[in-house]
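Peer 1: Sharing protein.pdb, PDB, C-alpha atoms:
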ATOM      1  CA  SER A   1     152.748  34.619 138.403
ATOM      2  CA  ALA A   2     155.571  32.119 138.072
ATOM      3  CA  ALA A   3     159.249  32.408 138.901
ATOM      4  CA  SER A   4     162.243  30.098 138.855
ATOM      5  CA  ASP A   5     165.678  29.627 140.355
ATOM      6  CA  VAL A   6     168.310  26.914 140.329
ATOM      7  CA  TYR A   7     169.773  24.721 143.026
ATOM      8  CA  LYS A   8     171.976  21.647 143.258
ATOM      9  CA  ARG A   9     170.289  18.499 144.458
ATOM     10  CA  GLN A  10     172.389  16.608 146.959
ATOM     11  CA  GLY A  11     173.648  13.258 145.742
ATOM     12  CA  LYS A  12     176.427  11.547 143.875
ATOM     13  CA  SER A  13     175.999  13.532 140.678
ATOM     14  CA  SER A  14     174.383  16.618 142.263
ATOM     15  CA  PRO A  15     172.581  17.587 139.051
ATOM     16  CA  VAL A  16     171.396  21.148 138.648
ATOM     17  CA  VAL A  17     167.628  21.375 139.090
ATOM     18  CA  ARG A  18     165.562  24.392 138.082
ATOM     19  CA  ILE A  19     162.955  25.318 140.670
ATOM     20  CA  TYR A  20     159.749  26.969 139.457
ATOM     21  CA  ARG A  21     157.231  28.664 141.714
ATOM     22  CA  HIS A  22     153.690  28.677 140.424
ATOM     23  CA  THR A  23     150.845  30.730 141.850
ATOM     24  CA  SER A  24     147.575  28.836 141.477
ATOM     25  CA  ILE A  25     144.615  30.675 139.967
ATOM     26  CA  SER A  26     142.141  27.831 140.525
ATOM     27  CA  MET A  27     142.667  27.724 144.304
ATOM     28  CA  GLN A  28     142.828  31.214 145.706
ATOM     29  CA  GLY A  29     144.874  31.694 148.864
ATOM     30  CA  MET A  30     147.060  28.620 148.342
ATOM     31  CA  PRO A  31     150.815  28.993 148.909
ATOM     32  CA  ARG A  32     152.818  29.052 145.695
ATOM     33  CA  GLN A  33     153.598  25.612 144.316
ATOM     34  CA  ARG A  34     157.290  24.661 144.413
ATOM     35  CA  CYS A  35     158.039  22.685 141.274
ATOM     36  CA  GLU A  36     161.299  20.869 140.541
ATOM     37  CA  GLY A  37     161.718  21.165 136.769
ATOM     38  CA  HIS A  38     159.448  22.172 133.922
ATOM     39  CA  LEU A  39     157.337  18.990 133.965
ATOM     40  CA  GLU A  40     156.153  19.667 137.503
ATOM     41  CA  ALA A  41     155.596  23.334 136.647
ATOM     42  CA  ASN A  42     153.561  22.391 133.573
ATOM     43  CA  PHE A  43     151.483  19.996 135.664
ATOM     44  CA  ALA A  44     150.690  22.797 138.133
ATOM     45  CA  LEU A  45     149.680  25.062 135.235
ATOM     46  CA  TRP A  46     147.529  22.315 133.692
ATOM     47  CA  ASN A  47     145.801  21.863 137.058
ATOM     48  CA  ASP A  48     144.625  25.475 136.916
ATOM     49  CA  PHE A  49     142.631  24.702 133.756
ATOM     50  CA  ASN A  50     141.766  21.042 134.444
ATOM     51  CA  GLU A  51     138.321  20.376 135.892
ATOM     52  CA  ARG A  52     139.335  16.875 136.973
ATOM     53  CA  PHE A  53     141.341  18.300 139.878
ATOM     54  CA  ARG A  54     139.879  20.218 142.803
ATOM     55  CA  PHE A  55     143.056  20.576 144.848
ATOM     56  CA  LEU A  56     146.813  20.355 144.282
ATOM     57  CA  ASN A  57     149.613  20.976 146.760
ATOM     58  CA  SER A  58     153.369  20.603 146.310
ATOM     59  CA  LYS A  59     154.034  20.904 150.055
ATOM     60  CA  VAL A  60     154.002  17.200 150.904
ATOM     61  CA  ASP A  61     155.515  15.484 153.928
ATOM     62  CA  SER A  62     158.190  12.871 153.297
ATOM     63  CA  VAL A  63     157.570   9.228 154.193
ATOM     64  CA  GLU A  64     160.242   7.027 155.739
ATOM     65  CA  GLY A  65     160.782   3.306 156.115
ATOM     66  CA  TRP A  66     159.400   2.223 152.759
ATOM     67  CA  HIS A  67     162.577   0.329 151.729
ATOM     68  CA  ASP A  68     165.743  -0.016 153.778
ATOM     69  CA  ARG A  69     164.530   2.956 155.858
ATOM     70  CA  ARG A  70     164.744   5.316 152.896
ATOM     71  CA  ARG A  71     162.954   8.653 152.659
ATOM     72  CA  TYR A  72     160.636   9.557 149.777
ATOM     73  CA  THR A  73     158.721  12.750 149.013
ATOM     74  CA  PRO A  74     155.947  12.716 146.383
ATOM     75  CA  ASP A  75     155.768  15.680 144.018
ATOM     76  CA  TYR A  76     152.123  16.523 144.773
ATOM     77  CA  PHE A  77     149.063  15.662 146.798
ATOM     78  CA  ALA A  78     145.876  16.043 144.760
ATOM     79  CA  VAL A  79     142.117  15.704 145.188
ATOM     80  CA  ASN A  80     139.997  14.982 142.128
ATOM     81  CA  ASN A  81     136.413  15.992 141.377
ATOM     82  CA  ARG A  82     135.171  12.758 143.013
ATOM     83  CA  ASN A  83     136.813  13.929 146.248
ATOM     84  CA  GLU A  84     139.458  11.183 146.068
ATOM     85  CA  GLY A  85     142.858  12.106 147.473
ATOM     86  CA  PHE A  86     146.118  10.682 146.140
ATOM     87  CA  PHE A  87     149.817  11.414 145.781
ATOM     88  CA  ILE A  88     151.511  12.085 142.436
ATOM     89  CA  GLU A  89     155.002  11.470 141.079
ATOM     90  CA  ILE A  90     155.901  13.344 137.867
ATOM     91  CA  LYS A  91     158.487  11.766 135.559
ATOM     92  CA  PRO A  92     159.644  12.030 131.926
ATOM     93  CA  ASP A  93     158.595   9.211 129.599
ATOM     94  CA  GLU A  94     162.114   7.710 129.710
ATOM     95  CA  ALA A  95     161.552   6.710 133.352
ATOM     96  CA  LEU A  96     159.300   3.879 132.184
ATOM     97  CA  GLN A  97     162.293   2.321 130.408
ATOM     98  CA  ASP A  98     164.438   2.487 133.549
ATOM     99  CA  GLU A  99     164.087  -0.847 135.346
ATOM    100  CA  LYS A 100     165.685   0.540 138.499
ATOM    101  CA  PHE A 101     163.041   3.280 138.692
ATOM    102  CA  THR A 102     160.067   1.027 137.853
ATOM    103  CA  THR A 103     161.138  -1.464 140.535
ATOM    104  CA  LYS A 104     161.496   1.333 143.075
ATOM    105  CA  PHE A 105     158.152   2.877 142.145
ATOM    106  CA  THR A 106     156.324  -0.460 142.422
ATOM    107  CA  ARG A 107     157.691  -0.818 145.955
ATOM    108  CA  LEU A 108     156.595   2.719 146.748
ATOM    109  CA  GLN A 109     153.070   2.092 145.493
ATOM    110  CA  ARG A 110     152.803  -1.041 147.637
ATOM    111  CA  PHE A 111     154.061   0.919 150.651
ATOM    112  CA  PHE A 112     151.407   3.608 150.114
ATOM    113  CA  GLU A 113     148.671   1.003 149.574
ATOM    114  CA  ALA A 114     149.658  -0.740 152.808
ATOM    115  CA  ASN A 115     149.078   2.563 154.562
ATOM    116  CA  GLY A 116     145.672   3.115 152.950
ATOM    117  CA  GLN A 117     146.918   5.697 150.470
ATOM    118  CA  ARG A 118     147.381   5.903 146.713
ATOM    119  CA  LEU A 119     150.430   6.947 144.686
ATOM    120  CA  ILE A 120     150.164   7.418 140.919
ATOM    121  CA  LEU A 121     152.712   8.130 138.205
ATOM    122  CA  VAL A 122     152.154  10.898 135.654
ATOM    123  CA  THR A 123     154.522  10.933 132.662
ATOM    124  CA  ARG A 124     155.006  13.535 129.958
ATOM    125  CA  ASP A 125     153.104  11.358 127.482
ATOM    126  CA  SER A 126     149.937  11.542 129.613
ATOM    127  CA  MET A 127     150.041  15.350 129.704
ATOM    128  CA  PRO A 128     148.918  17.800 126.977
ATOM    129  CA  SER A 129     151.022  18.688 123.935
ATOM    130  CA  HIS A 130     153.676  21.407 123.860
ATOM    131  CA  ALA A 131     151.337  23.647 121.838
ATOM    132  CA  HIS A 132     148.587  23.106 124.407
ATOM    133  CA  PHE A 133     150.896  24.260 127.183
ATOM    134  CA  ARG A 134     152.039  27.298 125.201
ATOM    135  CA  ASN A 135     148.380  28.269 124.841
ATOM    136  CA  LEU A 136     147.731  27.684 128.553
ATOM    137  CA  ARG A 137     150.613  29.985 129.462
ATOM    138  CA  ARG A 138     148.963  32.735 127.428
ATOM    139  CA  PHE A 139     145.607  31.956 129.062
ATOM    140  CA  TYR A 140     147.256  32.276 132.470
ATOM    141  CA  THR A 141     148.450  35.778 131.559
ATOM    142  CA  TYR A 142     144.985  36.882 130.483
ATOM    143  CA  LYS A 143     143.258  35.200 133.425
ATOM    144  CA  THR A 144     145.486  36.956 135.951
ATOM    145  CA  GLY A 145     145.598  40.314 134.147
ATOM    146  CA  TYR A 146     143.123  43.143 133.839
ATOM    147  CA  PRO A 147     139.733  42.196 132.350
ATOM    148  CA  PRO A 148     138.622  43.876 129.131
ATOM    149  CA  LEU A 149     136.155  46.743 129.260
ATOM    150  CA  GLN A 150     132.533  45.631 129.298
ATOM    151  CA  GLU A 151     131.974  47.481 126.029
ATOM    152  CA  GLU A 152     134.675  45.322 124.410
ATOM    153  CA  VAL A 153     132.982  42.173 125.714
ATOM    154  CA  ASN A 154     129.595  43.374 124.454
ATOM    155  CA  ALA A 155     131.057  44.070 121.011
ATOM    156  CA  LEU A 156     132.475  40.544 120.849
ATOM    157  CA  LEU A 157     129.195  38.973 121.979
ATOM    158  CA  GLU A 158     127.370  40.827 119.188
ATOM    159  CA  MET A 159     129.788  39.323 116.658
ATOM    160  CA  LEU A 160     129.599  35.739 117.902
ATOM    161  CA  ALA A 161     126.412  34.014 119.061
ATOM    162  CA  ILE A 162     126.537  30.892 121.248
ATOM    163  CA  GLY A 163     127.554  27.934 119.075
ATOM    164  CA  GLU A 164     128.933  30.089 116.288
ATOM    165  CA  SER A 165     132.571  30.138 115.128
ATOM    166  CA  ALA A 166     134.808  32.685 113.429
ATOM    167  CA  SER A 167     138.515  32.953 112.754
ATOM    168  CA  MET A 168     140.682  34.968 115.123
ATOM    169  CA  HIS A 169     141.572  37.126 112.104
ATOM    170  CA  LYS A 170     137.935  37.957 111.354
ATOM    171  CA  LEU A 171     137.219  38.799 114.980
ATOM    172  CA  ALA A 172     140.379  40.907 115.211
ATOM    173  CA  MET A 173     139.395  42.892 112.109
ATOM    174  CA  GLN A 174     135.851  43.491 113.371
ATOM    175  CA  LEU A 175     137.087  44.528 116.798
ATOM    176  CA  ALA A 176     139.699  46.825 115.245
ATOM    177  CA  GLU A 177     136.915  48.675 113.398
ATOM    178  CA  LYS A 178     135.651  49.625 116.859
ATOM    179  CA  THR A 179     139.248  50.444 117.977
ATOM    180  CA  TYR A 180     139.391  47.354 120.198
ATOM    181  CA  THR A 181     142.090  44.693 120.396
ATOM    182  CA  THR A 182     141.631  40.910 120.762
ATOM    183  CA  HIS A 183     141.818  41.258 124.560
ATOM    184  CA  ALA A 184     138.189  40.152 124.974
ATOM    185  CA  VAL A 185     138.811  37.077 122.796
ATOM    186  CA  TRP A 186     141.809  35.919 124.811
ATOM    187  CA  PHE A 187     139.998  36.699 128.054
ATOM    188  CA  GLY A 188     137.040  34.603 126.896
ATOM    189  CA  LEU A 189     139.291  31.707 125.932
ATOM    190  CA  ALA A 190     141.111  31.844 129.283
ATOM    191  CA  HIS A 191     137.818  31.744 131.198
ATOM    192  CA  GLY A 192     136.250  28.968 129.132
ATOM    193  CA  HIS A 193     133.578  31.128 127.470
ATOM    194  CA  LEU A 194     135.212  30.532 124.099
ATOM    195  CA  THR A 195     137.055  27.499 122.800
ATOM    196  CA  THR A 196     139.506  26.609 120.035
ATOM    197  CA  ASP A 197     141.844  23.838 118.904
ATOM    198  CA  MET A 198     144.370  23.637 121.735
ATOM    199  CA  GLU A 199     146.670  21.249 119.851
ATOM    200  CA  ARG A 200     147.863  24.113 117.652
ATOM    201  CA  ASP A 201     149.384  27.425 118.670
ATOM    202  CA  ILE A 202     146.537  29.932 118.642
ATOM    203  CA  SER A 203     146.990  32.359 115.754
ATOM    204  CA  PHE A 204     144.935  34.514 113.379
ATOM    205  CA  SER A 205     143.989  31.354 111.452
ATOM    206  CA  SER A 206     142.501  29.669 114.541
ATOM    207  CA  ASP A 207     138.737  29.124 114.631
ATOM    208  CA  ILE A 208     137.142  30.538 117.779
ATOM    209  CA  THR A 209     133.832  29.095 118.986
ATOM    210  CA  ARG A 210     131.590  30.673 121.596
ATOM    211  CA  ILE A 211     130.254  28.140 124.119
ATOM    212  CA  LYS A 212     128.858  30.468 126.811
TER     213      LYS A 212
END
Mind converting the file's structure to structure tokens?

Peer 2:
Amino acid sequence: SAASDVYKRQGKSSPVVRIYRHTSISMQGMPRQRCEGHLEANFALWNDFNERFRFLNSKVDSVEGWHDRRRYTPDYFAVNNRNEGFFIEIKPDEALQDEKFTTKFTRLQRFFEANGQRLILVTRDSMPSHAHFRNLRRFYTYKTGYPPLQEEVNALLEMLAIGESASMHKLAMQLAEKTYTTHAVWFGLAHGHLTTDMERDISFSSDITRIK
């Protein structure tokens, strides 16, 4: 599950920052991620469905002395599927137009490199679309909720062979004839047994394809 609260970041302007807490479903037993703002929270959610990442942790130690003895804390430490570890900073796209930030980040990257580590920048533009994230939030609900009855799954598998596609509407109508809901469809999508166009909000007009 995910939760949020608000706190004031210390500084000249002390802007209000919304804190989200995300429970990972790809790494069981991990402490909840602490995410400052929706971009960090979305990144944590994306990680749960992204096979490129094996590990993600928001509990990262600060580093000191990188520039005029300043302190810096990366947003995440991650390990990819090639077992490469690196630190991540999440920023909105506008940060790339901010010369003050880009200068600071270049210095930070050099500091990390000098210490045998890697720091990368992830912007909103390099993350999935808004529709994709809305779909992932629904997948998260179905992946963490109760599974459908086996008889519902069997009914769906009889309707859709591997490699075949059908609209969500057609599947819903066929399942309804057996007094079932689309629970098994959403469960299959959340677990990667079914697939669909993630760049559109999933609806009755969406084509669902069975891949497993």

Peer 1: Rank nothing, just name the residue among A:Phe49, A:Tyr72, A:Ile25, A:Ala41 nearest to A:Thr144, using only C-alpha atoms.

Peer 2: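 Ranking A:Phe49, A:Tyr72, A:Ile25, A:Ala41 by distance to A:Thr144, first place goes to A:Ile25.
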
Peer 1: Could you tell me which of A:Arg71, A:Arg210, A:Met168, A:Gly85 comes closest to A:Gly116 if we count only C-alpha atoms?

Peer 2: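 Using only C-alpha atoms, A:Gly116 sits closest to A:Gly85.
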
Peer 1: Could you tell me, as a compact mmCIF listing (two decimals) with C-alpha atoms, in the frame of the given file, exactly which residues end up selected when the PyMOL selection byres ((chain A and resi 54) around 8) is applied to this structure?

Peer 2:
# COMPACT_ATOMS: atom_id res chain seq x y z
CA GLU A 51 138.32 20.38 135.89
CA ARG A 52 139.34 16.88 136.97
CA PHE A 53 141.34 18.30 139.88
CA PHE A 55 143.06 20.58 144.85
CA LEU A 56 146.81 20.36 144.28
CA ALA A 78 145.88 16.04 144.76
CA VAL A 79 142.12 15.70 145.19
CA ASN A 80 140.00 14.98 142.13
CA ASN A 81 136.41 15.99 141.38
CA ASN A 83 136.81 13.93 146.25

Peer 1: Name the closest residue to A:His191 among the candidates A:Asn50, A:Asn42, A:Gln174, A:Thr106; distances are taken between atoms, counting only C-alpha atoms.

Peer 2: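 Going through A:Asn50, A:Asn42, A:Gln174, A:Thr106 one by one, the smallest distance to A:His191 is for A:Asn50.
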
Peer 1: Please, what distance in Å, to one decimal, runs between atom CA of A:Asp48 and atom CA of A:Gly29?

Peer 2: 13.5 Å

Peer 1: Residues at most 9 Å from A:Tyr140, counting only C-alpha atoms, excluding those fewer than 2 positions away in the same chain, as an MDAnalysis selection string?

Peer 2: chainID A and resid 1 25 45 48:49 135:138 142:145 190

Peer 1: When the PyMOL selection byres ((chain A and resi 91) around 7) is applied to the file above, which residues end up in the set, as a list of chain:residue names?

Peer 2: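 So the PyMOL selection byres ((chain A and resi 91) around 7) ends up selecting A:Glu89, A:Ile90, A:Pro92, A:Asp93, A:Ala95, A:Val122, A:Thr123, A:Arg124.
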
Peer 1: Taking the structure I provided as the source, export stretch 57-72 of chain A with all heavy atoms, as a tab-separated table (two decimals), in the first residue's frame.

Peer 2:
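So part29.tsv came out as:
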chain	number	residue	atom	x	y	z
A	57	ASN	N	16.25	1.21	-3.16
A	57	ASN	CA	16.13	1.58	-1.75
A	57	ASN	C	16.23	3.09	-1.62
A	57	ASN	O	17.15	3.72	-2.14
A	57	ASN	CB	17.24	0.91	-0.94
A	57	ASN	CG	17.01	1.06	0.56
A	57	ASN	OD1	15.98	1.54	1.00
A	57	ASN	ND2	17.99	0.63	1.34
A	58	SER	N	15.25	3.67	-0.91
A	58	SER	CA	15.25	5.12	-0.70
A	58	SER	C	16.03	5.53	0.55
A	58	SER	O	16.28	6.71	0.78
A	58	SER	CB	13.81	5.64	-0.58
A	58	SER	OG	13.17	5.05	0.55
A	59	LYS	N	16.42	4.53	1.35
A	59	LYS	CA	17.19	4.83	2.57
A	59	LYS	C	18.67	4.87	2.19
A	59	LYS	O	19.36	3.85	2.16
A	59	LYS	CB	16.93	3.78	3.64
A	59	LYS	CG	17.52	4.15	5.00
A	59	LYS	CD	17.13	3.14	6.07
A	59	LYS	CE	17.69	3.56	7.42
A	59	LYS	NZ	17.32	2.59	8.48
A	60	VAL	N	19.14	6.07	1.86
A	60	VAL	CA	20.50	6.26	1.36
A	60	VAL	C	21.26	7.21	2.27
A	60	VAL	O	20.73	8.25	2.68
A	60	VAL	CB	20.48	6.83	-0.07
A	60	VAL	CG1	21.90	6.94	-0.63
A	60	VAL	CG2	19.62	5.97	-0.98
A	61	ASP	N	22.48	6.86	2.59
A	61	ASP	CA	23.31	7.74	3.44
A	61	ASP	C	23.71	9.00	2.67
A	61	ASP	O	23.96	8.95	1.46
A	61	ASP	CB	24.56	7.01	3.90
A	61	ASP	CG	24.26	5.88	4.87
A	61	ASP	OD1	23.22	5.96	5.55
A	61	ASP	OD2	25.06	4.93	4.93
A	62	SER	N	23.79	10.10	3.39
A	62	SER	CA	24.24	11.35	2.78
A	62	SER	C	25.75	11.31	2.59
A	62	SER	O	26.47	10.61	3.31
A	62	SER	CB	23.88	12.54	3.68
A	62	SER	OG	22.49	12.64	3.85
A	63	VAL	N	26.23	12.07	1.60
A	63	VAL	CA	27.67	12.23	1.39
A	63	VAL	C	28.03	13.68	1.71
A	63	VAL	O	27.24	14.59	1.48
A	63	VAL	CB	28.09	11.87	-0.06
A	63	VAL	CG1	27.82	10.41	-0.32
A	63	VAL	CG2	27.37	12.75	-1.07
A	64	GLU	N	29.22	13.89	2.23
A	64	GLU	CA	29.65	15.23	2.60
A	64	GLU	C	30.99	15.55	1.93
A	64	GLU	O	31.75	14.64	1.57
A	64	GLU	CB	29.78	15.36	4.11
A	64	GLU	CG	28.46	15.21	4.85
A	64	GLU	CD	28.62	15.38	6.36
A	64	GLU	OE1	29.78	15.49	6.82
A	64	GLU	OE2	27.60	15.42	7.06
A	65	GLY	N	31.26	16.82	1.77
A	65	GLY	CA	32.55	17.26	1.26
A	65	GLY	C	32.65	17.33	-0.24
A	65	GLY	O	33.73	17.51	-0.78
A	66	TRP	N	31.52	17.21	-0.95
A	66	TRP	CA	31.60	17.19	-2.41
A	66	TRP	C	31.83	18.58	-3.00
A	66	TRP	O	32.39	18.73	-4.07
A	66	TRP	CB	30.35	16.56	-3.01
A	66	TRP	CG	29.08	17.37	-2.79
A	66	TRP	CD1	28.27	17.32	-1.71
A	66	TRP	CD2	28.52	18.32	-3.68
A	66	TRP	NE1	27.21	18.18	-1.85
A	66	TRP	CE2	27.35	18.81	-3.07
A	66	TRP	CE3	28.86	18.81	-4.94
A	66	TRP	CZ2	26.53	19.77	-3.66
A	66	TRP	CZ3	28.06	19.77	-5.53
A	66	TRP	CH2	26.92	20.24	-4.90
A	67	HIS	N	31.42	19.65	-2.30
A	67	HIS	CA	31.63	21.01	-2.80
A	67	HIS	C	31.44	21.96	-1.61
A	67	HIS	O	30.34	22.07	-1.09
A	67	HIS	CB	30.65	21.35	-3.92
A	67	HIS	CG	30.86	22.73	-4.50
A	67	HIS	ND1	32.03	23.09	-5.12
A	67	HIS	CD2	30.06	23.82	-4.54
A	67	HIS	CE1	31.93	24.35	-5.52
A	67	HIS	NE2	30.75	24.81	-5.18
A	68	ASP	N	32.50	22.61	-1.22
A	68	ASP	CA	32.42	23.53	-0.08
A	68	ASP	C	31.84	22.83	1.14
A	68	ASP	O	31.06	23.42	1.90
A	68	ASP	CB	31.59	24.77	-0.43
A	68	ASP	CG	32.26	25.61	-1.51
A	68	ASP	OD1	33.51	25.55	-1.62
A	68	ASP	OD2	31.55	26.33	-2.22
A	69	ARG	N	32.17	21.55	1.29
A	69	ARG	CA	31.77	20.75	2.46
A	69	ARG	C	30.25	20.61	2.57
A	69	ARG	O	29.69	20.48	3.66
A	69	ARG	CB	32.35	21.37	3.75
A	69	ARG	CG	33.85	21.60	3.67
A	69	ARG	CD	34.40	22.16	4.94
A	69	ARG	NE	34.63	21.12	5.93
A	69	ARG	CZ	35.22	21.35	7.11
A	69	ARG	NH1	35.64	22.56	7.40
A	69	ARG	NH2	35.40	20.36	7.96
A	70	ARG	N	29.57	20.65	1.46
A	70	ARG	CA	28.12	20.49	1.48
A	70	ARG	C	27.72	19.03	1.66
A	70	ARG	O	28.50	18.11	1.42
A	70	ARG	CB	27.52	21.01	0.16
A	70	ARG	CG	27.68	22.50	-0.05
A	70	ARG	CD	27.00	22.91	-1.34
A	70	ARG	NE	27.27	24.29	-1.69
A	70	ARG	CZ	26.85	24.88	-2.80
A	70	ARG	NH1	26.13	24.20	-3.66
A	70	ARG	NH2	27.13	26.14	-3.06
A	71	ARG	N	26.44	18.85	2.05
A	71	ARG	CA	25.89	17.51	2.20
A	71	ARG	C	24.91	17.25	1.07
A	71	ARG	O	24.17	18.14	0.66
A	71	ARG	CB	25.18	17.38	3.55
A	71	ARG	CG	24.40	16.07	3.71
A	71	ARG	CD	23.71	15.98	5.04
A	71	ARG	NE	24.67	15.86	6.14
A	71	ARG	CZ	24.33	15.60	7.39
A	71	ARG	NH1	23.05	15.43	7.71
A	71	ARG	NH2	25.25	15.49	8.34
A	72	TYR	N	24.91	16.02	0.57
A	72	TYR	CA	23.97	15.65	-0.51
A	72	TYR	C	23.46	14.23	-0.25
A	72	TYR	O	24.22	13.34	0.13
A	72	TYR	CB	24.66	15.70	-1.88
A	72	TYR	CG	23.87	15.03	-2.96
A	72	TYR	CD1	22.68	15.57	-3.44
A	72	TYR	CD2	24.28	13.80	-3.50
A	72	TYR	CE1	21.94	14.94	-4.42
A	72	TYR	CE2	23.54	13.16	-4.48
A	72	TYR	CZ	22.37	13.74	-4.94
A	72	TYR	OH	21.63	13.10	-5.91
